[in-house]
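Below: the structure, in structure tokens.
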Amino acid sequence: MDGGPDGITMVGEAKSTAAQGETLPLAAPERGVRPGLLAPSRLLALARRKPLGAAALALLVVLWALCLLAPVLAPYGYDQLFTAPRLTAPSSAHIFGTDESGRDVFSRLLFAGRLSLTLSLATTVFGVALAVLFGVVSGYAAGWFDLVFQRITDAFQALPILVILLVLAALYQGNRIVIVTAVALLFAPAAGRLFRSATLALRDQPFVEAARVTGASPLRIVLTHVMPNLYPLIIVFATAYVGANILLLAVLSFLGFINGDYPDWGSMLNLSAATYMVSAPWLVLAPGIAITLAVLAYNLLGDSLRDILDPRLRGS
Amino acid sequence: MGDSVRDLAQYREQRLVEGRELMRRRLSRRATFKGASLLALGSSSAMAAFIAACSGSSNNKSAGASGGGKGQAYTPQTPAPTGAPQSTFKDTTGTPPYKQGVASAQVDPLWEQFPYVYKYNWRRVNWDAPLTTGGRAISVANIPSNYDLMKTQNGTPASLYLQGLWRLAIHAGINLDGSSIEPDLAAKSEHNADFSTWTFTLQPGVKFHDIAPVNGRELTADDVVYSFQRYIDTSIWNKGLQYVDKITAPDKNTVRFDMKQPQVTFDAITAGPYYLVFAKEHFDNQDLFKSQPIGTGAFFNKESKYQDHAIAMRNPNFTQRPTWMAEKYKNTPMPFMDSMTLQYFSSDAASRAAFIAGSTDDYPITYLDPAILKEVLSGRPDTLVTVNALWATFPVMMLWNYKNPLFQDIRIRRALSMGLDREAVMQNVFSGAGVPGGGPFAFDLMGLQVPPALKDYGPYYQFNPQQAQALLKEAGHENGFSIQLEVASTLQGTPQFQSYKAVQAQWKQNLKVDLQFNLVDALSQTNDGLNHSFQDLIAQTTATGYDAYSLAYPILHSKGGINLGQANDATLDGLLDKLGAATSPASVLDLTKQVDARIRDQVTYLYVGWPQACTVTQPWLHGSTNNLYAYLFYYGINNFRSVWIDQTAPGGRGGKPV
Amino acid sequence: MRNYIVRRLLLMLPTLVAVAFLSFILLRLVPGDTLTAQIQSSGLSGAQYSPERLQSLKKQLGIDGSIPSQFGRWVNHLAHGDFQRSFLTNKDTLQQFRERMNVTIELGLLAVCFSVLIGIPIGAFSGVFQDTALDYVGRVLAILALAVPNFWLALLIIVFASRWFGYAFPRGSHPFFSEPLTNLQQFVAPALVIAAASAGLLMRLTRTAILDVLRQDYIRTARAKGLALRRIVLVHSLKNALIPVITVIGTQLAVVITGSVVVEQIFNLRGAGQLTLTSILQRDYPQVQTNVLIFAVVLVIGNLLTDLTYGVVDPRIRFA
């Protein structure tokens, strides 16, 4: 393979090695030479560079697939009572046993995964997007805008979430979208402050100053100079929080804020843990392991993504 | 920095080369490691997928399918019918052997059909344990937020400190399968022929606690009159006294109630924890009244912190003696213990853990969940357990909203009742620790020895899906309908909630009725109930009281305070009014049965069954159990006066033999 | 700098007013009131319950009148230093809060200490020895710490402490300065549980920050000059790496205060978070208002301190 075992090539060799490895151009490349972002060759190279991340991605794909295919894969319904006596231990008929109403835990795990995975992802994406938007703008603009904006965020953070959640739960009867928004708004201020502080540190860097001097518009500066340096931070934060959000939704149901028959991993864990931890440990282990696997996968993936996207290695 | 752009590019190029070199070196060294981890993760994912695929294909995939193979729904075993009186007891509880119980105790074979009640019967408690005095017990309790007796009634820690005219007694010597109320402040009570005048003669020499401003003075009839008058005028709980016309104190030791209409069971009404006697000077200081209880009870309150703990100390002036005990103990002053700590736990798990570790003396298992009992017994094999026959006042039930035309149609109510296999619910959810049926009255109030069998409940309580479907069809709902049950979200995970889920499954399977759960926070649920603003059905527990009228009126009469669904049955109202104005115990009994028959016939509300109530205590705590109506540490809390703690209690908390 | 601080403190006032007013309105939007709560806590078993009496009592409670006028009254009381009495216990709300505050403060401080003491060193080692076994162990630990639900951990500790060791956690109030050992027995386990997630986050952030810093030029210069790795890390990199970390610590404090409710509940501690939760659930308006106000003050001041700390740690940041 040209260019060394990791498949990285230098400019100038691009033409001859385009099919095999990725190129990392320093100057604007000729059109048609560079393989597409999602070309298999490029992805394979990425996978080889970051095997842990690739494995994590594979695990995530498996988890998502298992859960999205729940209606096909699950041997029983998620609310099918007394398929066996309540609290039976794992057996060949019920690989994770049954819960306190005789429902098959494995089936519930699969169906619950859909809710947990989708909700936590939605919450994180929404929250991080908000945080980046407001944090970066606030940090870059600085001055009065920043001051006022931060006070608004302060007010937001200061309002006890319990009050908000109770009101939302009462008024919107556990509407999932409302809960997602509320949880996203919950951690968005904290994340926003984080990104803001990072932006504050960056805006006074010489290269940013240089860009400003050369007449780039603030938007361009933010997008091409500031943001890439924030990607590692954002990725780490986002992947850490996806996992946290699965658990946060569990805490909400612990405090009585989530409605509905439909299970999610957190509420499965919460309800069983308190009462049946000793008498039926499989009730606790099943969702616990599922959550841990998901969080593990997200975080490992995030680490690898961060490493890939770090501009100092990419040289963009 | 600050060089020209070309220098910048060159610099970057250099950095890139270095970075790649670094990585290449690391990669070759760590290749094996990464390869191994990749393999591990990959194979475990593959395995997971494989297992999923296997179990998915080898079982019946469609939800709700029955017939053949592993996807078949589980068929519950209904309780075996009772055989001849000499049939040997078969322990189907699955719990570890009961170490503490006195195995040779004579328990009526009637109870053999209720395995938990038989195995953990109150008669197996060693009531002849030697008496000790002194010591300090630690009991689990709900600490009230305030002691304003006009508003808070709150599980009765107040009953430790104050007394009513009568009380609920839970101790040996009293038939614990029954109501067991006895006089407390009153030495005796008398009534005239038609029960329209009640005269209570007070115990002489009863003194208040030595706390300012009452300072230990003697109780007089005027205090009783004053207290009751305050309850009538200002208490939220005054409905029980709604027929009291006049209260007078003919002399220092006598209180006379003149009623507007006959009240056969007025003594039972005064036995409830709502009408405890206090002093006028105490009430006049409202701040004090709300924060510091002062009464004549066996204990006085030393301190009380909401959601934390309270300390009850022995009242040295308490004059009652344990007249039911053996001769040598008959004159021992009560309370037996020096003090009690009432401990609040914010989580059930912490409470259970503390009990298993031996640092508290009791643990409430309200609805008996056999899995929890197993856990406690396996963690602490010498635990004392008593399971009650049934808990009279807390059946599993749902109330329908009569504003919904669906429930105004008696065919639909009956259909919903007959489409419900109550035996299956009690067997599956409670593993047999429950009795199907249910109603507002304890069986002893209906003159029975044991809870009635389901077949005695009449045709509309029997499981008859065909007839139910026929009724639905006749009412025009052949394809079922969708209704909503409002439940407190904090109820999730409890056996009560699991019973509702079982009802949901039954209705879907048998009647195509879709019962949806609307989970709201507990206070919203209460509020919706009291304002009758819930949609279709609401979960409910029922009234507390020791007489039939107190139990039935509030929930079933159209003017009842907790008739949340606003049931309006003129016949039933009439029967209840007659019950309230009955003039003899015989007619009370007769009318009670008639009320019961009526609600079974009309399916006024949906009763599912009666779970069993369980008390667990440490082996060093004696005199503690529960009965049909209350737990010792809940409504029966005044019975801690006759509880004693022996020298084997840890931490030096035990008492000394008498 | 001084102007900055003064400006921030002045801006605190409208923030507080906004927060107080918002929570005022929000709480009254939900059905239910303390009287119903008290009936409910009696198990709704009032055979003798009288609906008419309840209605008249509600009027006496003073929850009538338009919301702005109620709010105005509350502000008026506040201006006179009167935090009013709780509807539930009839005790002064500020005093009740103060009693619970010690628990939350101690829990929060311990949790932050543990998360910093555990998270930052492991994260630093992880970053410095990138891609070694130590790094992998550290990363897995961090992720496990983030993955485990804190209430599960709490329950695990409580349940198995009692079953395997017959150990029950001490109850009641044991101030640290008079009974340090008992106090620590009560607080170490819950603090560790709360700290676990924060520690995981800090580990990862520190690692990222260290990695970033280690690539900088001045680090290469230092290595070229022959400085020992430890000196490099401690003197040159850690301070710069700490900027995002400090932000997180600041935010974790807020998270700990409200988020520790669950752990407090399981370990049976009387904290301010639990007080807020029960007050909300039982619609004890005065208590909720007091709690909200004090939390808001603490949070705003905390944010201010965090921002000021940046200025100390990172000389590049200037205060406009």
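So you can find residues: chains in the structure tokens are A, B, ... in the order shown, residues in each start at 1, and ligands are numbered from 1 in order.
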
> DSSP on the backbone: what in region 176-403 of chain B comes out helix (DSSP H, G or I), as number ranges by chain?
Replying inline: B: 221-234, 238-241, 266-271, 280-284, 286-291, 327-329, 348-356, 370-379

With only C-alpha atoms counted and 7 Å as the cut-off, give the residues of chain A in contact with chain B, each with its shortest interatomic distance in Å and the pair that gives it, as a tab-separated table.
residue	atom	partner	partner_atom	distance
A:Pro51	CA	B:Leu38	CA	6.0
A:Leu52	CA	B:Leu38	CA	6.2
A:Ala55	CA	B:Leu38	CA	5.7
A:Leu59	CA	B:Ser45	CA	5.9
A:Val62	CA	B:Ser45	CA	6.7
A:Leu73	CA	B:Gly56	CA	4.7
A:Ala74	CA	B:Gly56	CA	5.8
A:Pro75	CA	B:Lys61	CA	4.7
A:Tyr76	CA	B:Ala63	CA	5.1
A:Gly77	CA	B:Ala63	CA	4.7
A:Gln80	CA	B:Gly64	CA	6.7
A:Leu81	CA	B:Ala505	CA	6.6
A:Phe82	CA	B:Tyr74	CA	5.9
A:Thr83	CA	B:Ala73	CA	4.8
A:Ala84	CA	B:Tyr74	CA	5.2
A:Pro85	CA	B:Asn428	CA	6.8
A:Ala93	CA	B:Lys70	CA	6.2
A:Ser101	CA	B:Gln498	CA	6.2
A:Ala170	CA	B:Val520	CA	6.6
A:Gly256	CA	B:Ser489	CA	5.5
A:Asn259	CA	B:Leu519	CA	5.4
A:Gly260	CA	B:Phe517	CA	6.7
A:Asp261	CA	B:Phe517	CA	6.9
A:Leu271	CA	B:Gly493	CA	5.6
A:Ala274	CA	B:Ala349	CA	5.9
A:Thr275	CA	B:Ala349	CA	6.8
A:Val278	CA	B:Glu375	CA	6.7
A:Ser279	CA	B:Glu375	CA	5.9
A:Leu313	CA	B:Leu16	CA	6.5
A:Gly315	CA	B:Arg12	CA	6.6

The selected residues should be written to file as a PDB file, in the first residue's frame (atoms: N, CA and C atoms).
ATOM      1  N   PRO A  51      -9.556   1.113  15.724  1.00  0.00           N
ATOM      2  CA  PRO A  51     -10.335  -0.130  15.839  1.00  0.00           C
ATOM      3  C   PRO A  51     -11.333  -0.100  16.980  1.00  0.00           C
ATOM      4  N   LEU A  52     -10.950   0.550  18.070  1.00  0.00           N
ATOM      5  CA  LEU A  52     -11.856   0.609  19.215  1.00  0.00           C
ATOM      6  C   LEU A  52     -13.119   1.373  18.839  1.00  0.00           C
ATOM      7  N   ALA A  55     -15.214  -0.745  16.544  1.00  0.00           N
ATOM      8  CA  ALA A  55     -15.956  -1.759  17.290  1.00  0.00           C
ATOM      9  C   ALA A  55     -17.129  -1.140  18.024  1.00  0.00           C
ATOM     10  N   LEU A  59     -20.992  -2.026  17.702  1.00  0.00           N
ATOM     11  CA  LEU A  59     -21.851  -2.349  18.856  1.00  0.00           C
ATOM     12  C   LEU A  59     -23.103  -1.487  18.863  1.00  0.00           C
ATOM     13  N   VAL A  62     -25.452  -2.646  16.271  1.00  0.00           N
ATOM     14  CA  VAL A  62     -26.142  -3.864  16.723  1.00  0.00           C
ATOM     15  C   VAL A  62     -27.253  -3.509  17.712  1.00  0.00           C
ATOM     16  N   LEU A  73     -38.109  -9.288  16.524  1.00  0.00           N
ATOM     17  CA  LEU A  73     -37.222 -10.173  17.277  1.00  0.00           C
ATOM     18  C   LEU A  73     -37.793 -10.629  18.611  1.00  0.00           C
ATOM     19  N   ALA A  74     -38.617  -9.786  19.211  1.00  0.00           N
ATOM     20  CA  ALA A  74     -39.038 -10.111  20.575  1.00  0.00           C
ATOM     21  C   ALA A  74     -40.006 -11.293  20.583  1.00  0.00           C
ATOM     22  N   PRO A  75     -39.752 -12.263  21.476  1.00  0.00           N
ATOM     23  CA  PRO A  75     -40.649 -13.424  21.524  1.00  0.00           C
ATOM     24  C   PRO A  75     -42.029 -13.097  22.081  1.00  0.00           C
ATOM     25  N   TYR A  76     -42.112 -12.045  22.907  1.00  0.00           N
ATOM     26  CA  TYR A  76     -43.407 -11.680  23.472  1.00  0.00           C
ATOM     27  C   TYR A  76     -43.614 -10.188  23.307  1.00  0.00           C
ATOM     28  N   GLY A  77     -44.806  -9.743  23.626  1.00  0.00           N
ATOM     29  CA  GLY A  77     -45.071  -8.324  23.580  1.00  0.00           C
ATOM     30  C   GLY A  77     -44.442  -7.622  24.779  1.00  0.00           C
ATOM     31  N   GLN A  80     -47.110  -7.996  27.680  1.00  0.00           N
ATOM     32  CA  GLN A  80     -47.854  -9.238  27.693  1.00  0.00           C
ATOM     33  C   GLN A  80     -47.689  -9.872  29.065  1.00  0.00           C
ATOM     34  N   LEU A  81     -48.740  -9.794  29.861  1.00  0.00           N
ATOM     35  CA  LEU A  81     -48.627 -10.226  31.249  1.00  0.00           C
ATOM     36  C   LEU A  81     -48.659 -11.736  31.410  1.00  0.00           C
ATOM     37  N   PHE A  82     -48.010 -12.186  32.445  1.00  0.00           N
ATOM     38  CA  PHE A  82     -48.077 -13.574  32.909  1.00  0.00           C
ATOM     39  C   PHE A  82     -47.811 -14.590  31.816  1.00  0.00           C
ATOM     40  N   THR A  83     -46.755 -14.331  31.063  1.00  0.00           N
ATOM     41  CA  THR A  83     -46.305 -15.361  30.135  1.00  0.00           C
ATOM     42  C   THR A  83     -45.682 -16.511  30.907  1.00  0.00           C
ATOM     43  N   ALA A  84     -45.360 -16.244  32.153  1.00  0.00           N
ATOM     44  CA  ALA A  84     -44.867 -17.266  33.077  1.00  0.00           C
ATOM     45  C   ALA A  84     -45.167 -16.691  34.455  1.00  0.00           C
ATOM     46  N   PRO A  85     -45.047 -17.484  35.517  1.00  0.00           N
ATOM     47  CA  PRO A  85     -45.286 -16.900  36.831  1.00  0.00           C
ATOM     48  C   PRO A  85     -44.365 -15.711  37.068  1.00  0.00           C
ATOM     49  N   ALA A  93     -36.896 -20.504  28.041  1.00  0.00           N
ATOM     50  CA  ALA A  93     -38.069 -19.838  27.482  1.00  0.00           C
ATOM     51  C   ALA A  93     -37.976 -18.325  27.633  1.00  0.00           C
ATOM     52  N   SER A 101     -44.833  -8.663  36.835  1.00  0.00           N
ATOM     53  CA  SER A 101     -46.146  -8.952  36.262  1.00  0.00           C
ATOM     54  C   SER A 101     -46.052 -10.086  35.250  1.00  0.00           C
ATOM     55  N   ALA A 170     -47.607  17.517  34.831  1.00  0.00           N
ATOM     56  CA  ALA A 170     -49.023  17.684  35.138  1.00  0.00           C
ATOM     57  C   ALA A 170     -49.793  18.223  33.946  1.00  0.00           C
ATOM     58  N   GLY A 256     -41.215  10.252  39.430  1.00  0.00           N
ATOM     59  CA  GLY A 256     -42.622  10.228  39.066  1.00  0.00           C
ATOM     60  C   GLY A 256     -43.014  11.150  37.939  1.00  0.00           C
ATOM     61  N   ASN A 259     -44.748   9.414  32.109  1.00  0.00           N
ATOM     62  CA  ASN A 259     -46.021   8.731  32.028  1.00  0.00           C
ATOM     63  C   ASN A 259     -45.940   7.552  31.083  1.00  0.00           C
ATOM     64  N   GLY A 260     -46.946   6.756  31.097  1.00  0.00           N
ATOM     65  CA  GLY A 260     -47.092   5.812  30.002  1.00  0.00           C
ATOM     66  C   GLY A 260     -46.773   4.381  30.341  1.00  0.00           C
ATOM     67  N   ASP A 261     -47.363   3.516  29.577  1.00  0.00           N
ATOM     68  CA  ASP A 261     -47.174   2.086  29.729  1.00  0.00           C
ATOM     69  C   ASP A 261     -45.856   1.642  29.168  1.00  0.00           C
ATOM     70  N   LEU A 271     -37.687   0.816  38.675  1.00  0.00           N
ATOM     71  CA  LEU A 271     -38.773   0.160  39.388  1.00  0.00           C
ATOM     72  C   LEU A 271     -38.326  -1.148  40.008  1.00  0.00           C
ATOM     73  N   ALA A 274     -35.347  -0.940  43.187  1.00  0.00           N
ATOM     74  CA  ALA A 274     -35.688  -0.604  44.557  1.00  0.00           C
ATOM     75  C   ALA A 274     -36.304  -1.791  45.280  1.00  0.00           C
ATOM     76  N   THR A 275     -37.135  -2.551  44.595  1.00  0.00           N
ATOM     77  CA  THR A 275     -37.894  -3.591  45.292  1.00  0.00           C
ATOM     78  C   THR A 275     -37.299  -4.980  45.146  1.00  0.00           C
ATOM     79  N   VAL A 278     -32.749  -7.956  45.383  1.00  0.00           N
ATOM     80  CA  VAL A 278     -32.256  -9.197  45.978  1.00  0.00           C
ATOM     81  C   VAL A 278     -33.054 -10.394  45.491  1.00  0.00           C
ATOM     82  N   SER A 279     -34.386 -10.224  45.435  1.00  0.00           N
ATOM     83  CA  SER A 279     -35.190 -11.397  45.095  1.00  0.00           C
ATOM     84  C   SER A 279     -35.159 -11.730  43.614  1.00  0.00           C
ATOM     85  N   LEU A 313      -4.282  17.176  14.149  1.00  0.00           N
ATOM     86  CA  LEU A 313      -3.811  15.989  13.447  1.00  0.00           C
ATOM     87  C   LEU A 313      -4.181  16.045  11.980  1.00  0.00           C
ATOM     88  N   GLY A 315      -4.728  18.876  10.266  1.00  0.00           N
ATOM     89  CA  GLY A 315      -4.018  19.960   9.619  1.00  0.00           C
ATOM     90  C   GLY A 315      -4.884  20.798   8.701  1.00  0.00           C
TER      91      GLY A 315
END

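CA of Trp237 (chain B) is positioned 17.6 Å from CA of Asn531 (chain B).
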
>> Need to verify the contact set: Tyr231 (chain B), 9 Å, only C-alpha atoms, exclusion of same-chain residues closer than 6 positions in sequence. Can you return it as an MDAnalysis selection string?
In response: chainID B and resid 149:150 237:238 241 274:275

With C-alpha atoms retained, export the selected residues as an mmCIF file, in the first residue's frame.
data_model
loop_
_atom_site.group_PDB
_atom_site.id
_atom_site.type_symbol
_atom_site.label_atom_id
_atom_site.label_comp_id
_atom_site.auth_asym_id
_atom_site.auth_seq_id
_atom_site.Cartn_x
_atom_site.Cartn_y
_atom_site.Cartn_z
ATOM 1 C CA LEU B 149 -55.794 17.556 64.809
ATOM 2 C CA MET B 150 -58.361 19.575 62.915
ATOM 3 C CA TRP B 237 -63.026 15.257 59.927
ATOM 4 C CA ASN B 238 -66.336 16.219 61.444
ATOM 5 C CA LEU B 241 -70.123 13.499 64.313
ATOM 6 C CA TYR B 274 -60.078 11.381 64.563
ATOM 7 C CA TYR B 275 -61.493 12.464 67.892
#

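Of the residues listed (A:Tyr78, A:Phe134, A:Tyr140, A:Phe106), A:Phe134 shows the shortest atom-to-atom separation from Leu185 (chain A); distances use only C-alpha atoms.
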
Show me a table, sorted first by chain and then by increasing residue number, of the residues of chain B having an atom at most 7 Å from chain C, each with its shortest atom pair and the distance in Å to one decimal, counting only C-alpha atoms and written as a Markdown table.
| residue | atom | partner | partner_atom | distance |
| --- | --- | --- | --- | --- |
| B:Ser145 | CA | C:Thr89 | CA | 4.9 |
| B:Asn146 | CA | C:Thr89 | CA | 5.0 |
| B:Thr152 | CA | C:Gln38 | CA | 5.8 |
| B:Gln153 | CA | C:Ser42 | CA | 5.6 |
| B:Asn154 | CA | C:Ser42 | CA | 4.0 |
| B:Gly155 | CA | C:Ser42 | CA | 5.8 |
| B:Ile236 | CA | C:Ser50 | CA | 5.4 |
| B:Trp237 | CA | C:Tyr49 | CA | 4.5 |
| B:Asn238 | CA | C:Gln48 | CA | 5.6 |
| B:Lys239 | CA | C:Gln48 | CA | 4.2 |
| B:Gly240 | CA | C:Gln48 | CA | 4.6 |
| B:Phe345 | CA | C:Asn268 | CA | 5.9 |
| B:Ser346 | CA | C:Gln265 | CA | 5.3 |
| B:Ser347 | CA | C:Ile266 | CA | 5.2 |
| B:Ala350 | CA | C:Ile266 | CA | 6.3 |
| B:Ala353 | CA | C:Ser162 | CA | 5.4 |
| B:Ala354 | CA | C:Ala168 | CA | 5.3 |
| B:Ile356 | CA | C:Ser162 | CA | 6.2 |
| B:Ala357 | CA | C:Gly166 | CA | 4.3 |
| B:Ser359 | CA | C:Ala168 | CA | 6.4 |
| B:Gly379 | CA | C:Arg163 | CA | 6.0 |
| B:Leu523 | CA | C:Gly32 | CA | 6.0 |
| B:Ser524 | CA | C:Gly32 | CA | 5.7 |
| B:Thr526 | CA | C:Gln40 | CA | 6.6 |
| B:Asn527 | CA | C:Gly32 | CA | 5.5 |
| B:Thr542 | CA | C:Ser45 | CA | 5.8 |
| B:Ala543 | CA | C:Ser45 | CA | 4.1 |
| B:Thr544 | CA | C:Ser45 | CA | 5.1 |
| B:Gly545 | CA | C:Ala47 | CA | 6.8 |
| B:Ser550 | CA | C:Ala47 | CA | 5.6 |
| B:Leu551 | CA | C:Ala47 | CA | 6.5 |
| B:Pro554 | CA | C:Ala47 | CA | 5.5 |
| B:Gly561 | CA | C:Tyr49 | CA | 5.8 |

Please produce a file of those selected residues containing N, CA and C atoms, as a tab-separated table (two decimals), in the first residue's frame.
chain	number	residue	atom	x	y	z
B	145	SER	N	-46.49	16.25	59.45
B	145	SER	CA	-45.91	17.57	59.25
B	145	SER	C	-46.34	18.52	60.36
B	146	ASN	N	-47.50	18.27	60.92
B	146	ASN	CA	-47.93	19.09	62.05
B	146	ASN	C	-48.93	18.28	62.85
B	152	THR	N	-54.74	17.45	60.18
B	152	THR	CA	-53.87	16.31	59.93
B	152	THR	C	-54.27	15.14	60.77
B	153	GLN	N	-54.36	14.03	60.11
B	153	GLN	CA	-54.69	12.86	60.91
B	153	GLN	C	-53.64	11.79	60.69
B	154	ASN	N	-53.10	11.78	59.54
B	154	ASN	CA	-51.79	11.31	59.22
B	154	ASN	C	-51.25	10.05	59.89
B	155	GLY	N	-51.98	8.96	59.79
B	155	GLY	CA	-51.39	7.74	60.27
B	155	GLY	C	-51.21	7.67	61.76
B	236	ILE	N	-61.81	19.13	59.65
B	236	ILE	CA	-62.16	18.57	58.35
B	236	ILE	C	-62.83	17.22	58.55
B	237	TRP	N	-62.58	16.63	59.69
B	237	TRP	CA	-63.03	15.26	59.93
B	237	TRP	C	-64.33	15.20	60.72
B	238	ASN	N	-65.19	16.17	60.54
B	238	ASN	CA	-66.34	16.22	61.44
B	238	ASN	C	-67.54	15.40	61.00
B	239	LYS	N	-67.47	14.80	59.81
B	239	LYS	CA	-68.66	14.11	59.30
B	239	LYS	C	-69.10	12.96	60.20
B	240	GLY	N	-68.15	12.33	60.88
B	240	GLY	CA	-68.54	11.23	61.75
B	240	GLY	C	-69.41	11.68	62.91
B	345	PHE	N	-38.35	6.81	57.08
B	345	PHE	CA	-37.41	6.46	56.01
B	345	PHE	C	-37.95	7.00	54.70
B	346	SER	N	-37.09	7.69	53.96
B	346	SER	CA	-37.57	8.24	52.70
B	346	SER	C	-37.56	7.21	51.59
B	347	SER	N	-36.90	6.10	51.78
B	347	SER	CA	-36.97	5.07	50.76
B	347	SER	C	-37.24	3.72	51.41
B	350	ALA	N	-34.15	1.53	52.01
B	350	ALA	CA	-33.35	1.85	53.20
B	350	ALA	C	-34.03	1.29	54.44
B	353	ALA	N	-33.43	-2.43	54.48
B	353	ALA	CA	-32.04	-2.72	54.80
B	353	ALA	C	-31.77	-2.51	56.28
B	354	ALA	N	-32.34	-1.44	56.83
B	354	ALA	CA	-32.12	-1.18	58.25
B	354	ALA	C	-32.71	-2.30	59.09
B	356	ILE	N	-33.14	-5.48	58.16
B	356	ILE	CA	-32.33	-6.69	58.00
B	356	ILE	C	-31.03	-6.58	58.77
B	357	ALA	N	-30.51	-5.37	58.86
B	357	ALA	CA	-29.28	-5.18	59.63
B	357	ALA	C	-29.55	-5.14	61.12
B	359	SER	N	-31.18	-2.76	62.82
B	359	SER	CA	-31.14	-1.47	63.50
B	359	SER	C	-32.51	-0.82	63.63
B	379	GLY	N	-32.78	-12.82	54.73
B	379	GLY	CA	-31.75	-11.96	55.29
B	379	GLY	C	-31.73	-12.02	56.80
B	523	LEU	N	-50.66	13.92	44.27
B	523	LEU	CA	-51.57	14.96	44.73
B	523	LEU	C	-52.57	15.34	43.64
B	524	SER	N	-52.11	15.35	42.41
B	524	SER	CA	-53.04	15.65	41.32
B	524	SER	C	-54.13	14.59	41.26
B	526	THR	N	-55.28	12.77	43.79
B	526	THR	CA	-56.21	13.02	44.89
B	526	THR	C	-57.13	14.18	44.55
B	527	ASN	N	-56.53	15.23	44.01
B	527	ASN	CA	-57.31	16.41	43.68
B	527	ASN	C	-58.38	16.09	42.64
B	542	THR	N	-59.81	2.83	50.42
B	542	THR	CA	-61.09	3.21	50.99
B	542	THR	C	-60.98	3.76	52.40
B	543	ALA	N	-62.11	3.77	53.02
B	543	ALA	CA	-62.22	4.45	54.29
B	543	ALA	C	-61.67	3.63	55.43
B	544	THR	N	-61.30	4.31	56.47
B	544	THR	CA	-60.90	3.64	57.71
B	544	THR	C	-61.97	3.83	58.75
B	545	GLY	N	-62.31	2.79	59.38
B	545	GLY	CA	-63.30	2.90	60.44
B	545	GLY	C	-63.55	1.52	60.97
B	550	SER	N	-69.36	3.85	59.02
B	550	SER	CA	-68.18	4.67	58.73
B	550	SER	C	-67.44	4.17	57.51
B	551	LEU	N	-67.49	2.87	57.29
B	551	LEU	CA	-66.77	2.32	56.15
B	551	LEU	C	-67.50	2.55	54.84
B	554	PRO	N	-69.03	7.03	53.42
B	554	PRO	CA	-68.26	8.05	52.69
B	554	PRO	C	-68.05	7.70	51.23
B	561	GLY	N	-68.31	11.88	51.29
B	561	GLY	CA	-67.19	12.76	50.99
B	561	GLY	C	-66.18	12.17	50.04

> What lies within 8 Å of Leu185 (chain B) using only C-alpha atoms, ignoring chain neighbours under 5 positions off, as JSON, numbers by chain?
Replying inline: {"B": [163, 164, 165, 166, 202, 203]}

Chain A residues within 7 Å of chain C, counting only C-alpha atoms: which ones, as a compact mmCIF listing (two decimals) with C-alpha atoms, in the first residue's frame?
# COMPACT_ATOMS: atom_id res chain seq x y z
CA GLY A 143 -19.25 42.39 25.78
CA ARG A 151 -27.85 36.27 32.89
CA ASP A 154 -28.32 31.88 34.75
CA ALA A 155 -32.00 32.41 35.33
CA ALA A 158 -31.43 28.70 38.67
CA LEU A 159 -35.00 27.67 38.21
CA PRO A 160 -35.33 24.32 39.92
CA LEU A 162 -38.18 19.88 39.76
CA VAL A 163 -40.67 22.68 39.47
CA VAL A 167 -45.56 21.37 35.90
CA ALA A 170 -49.02 17.68 35.14
CA ALA A 190 -24.21 24.05 31.56
CA LEU A 194 -18.52 25.18 28.75
CA SER A 197 -15.49 29.44 28.06
CA ALA A 198 -13.65 27.51 25.40
CA LEU A 200 -13.53 32.87 25.09
CA ALA A 201 -10.12 31.30 25.28
CA ASP A 204 -7.99 35.87 21.63
CA ALA A 240 -20.80 11.63 27.66
CA GLY A 243 -25.35 8.05 28.19
CA ALA A 244 -26.21 10.43 30.98
CA LEU A 247 -30.04 7.68 33.05
CA ALA A 273 -33.99 -2.03 41.55
CA ALA A 274 -35.69 -0.60 44.56
CA ILE A 291 -27.42 0.86 29.53
CA THR A 292 -23.76 0.21 30.22
CA VAL A 295 -22.95 4.28 27.18
CA LEU A 296 -19.70 2.41 26.59
CA ASN A 299 -18.18 7.09 24.65
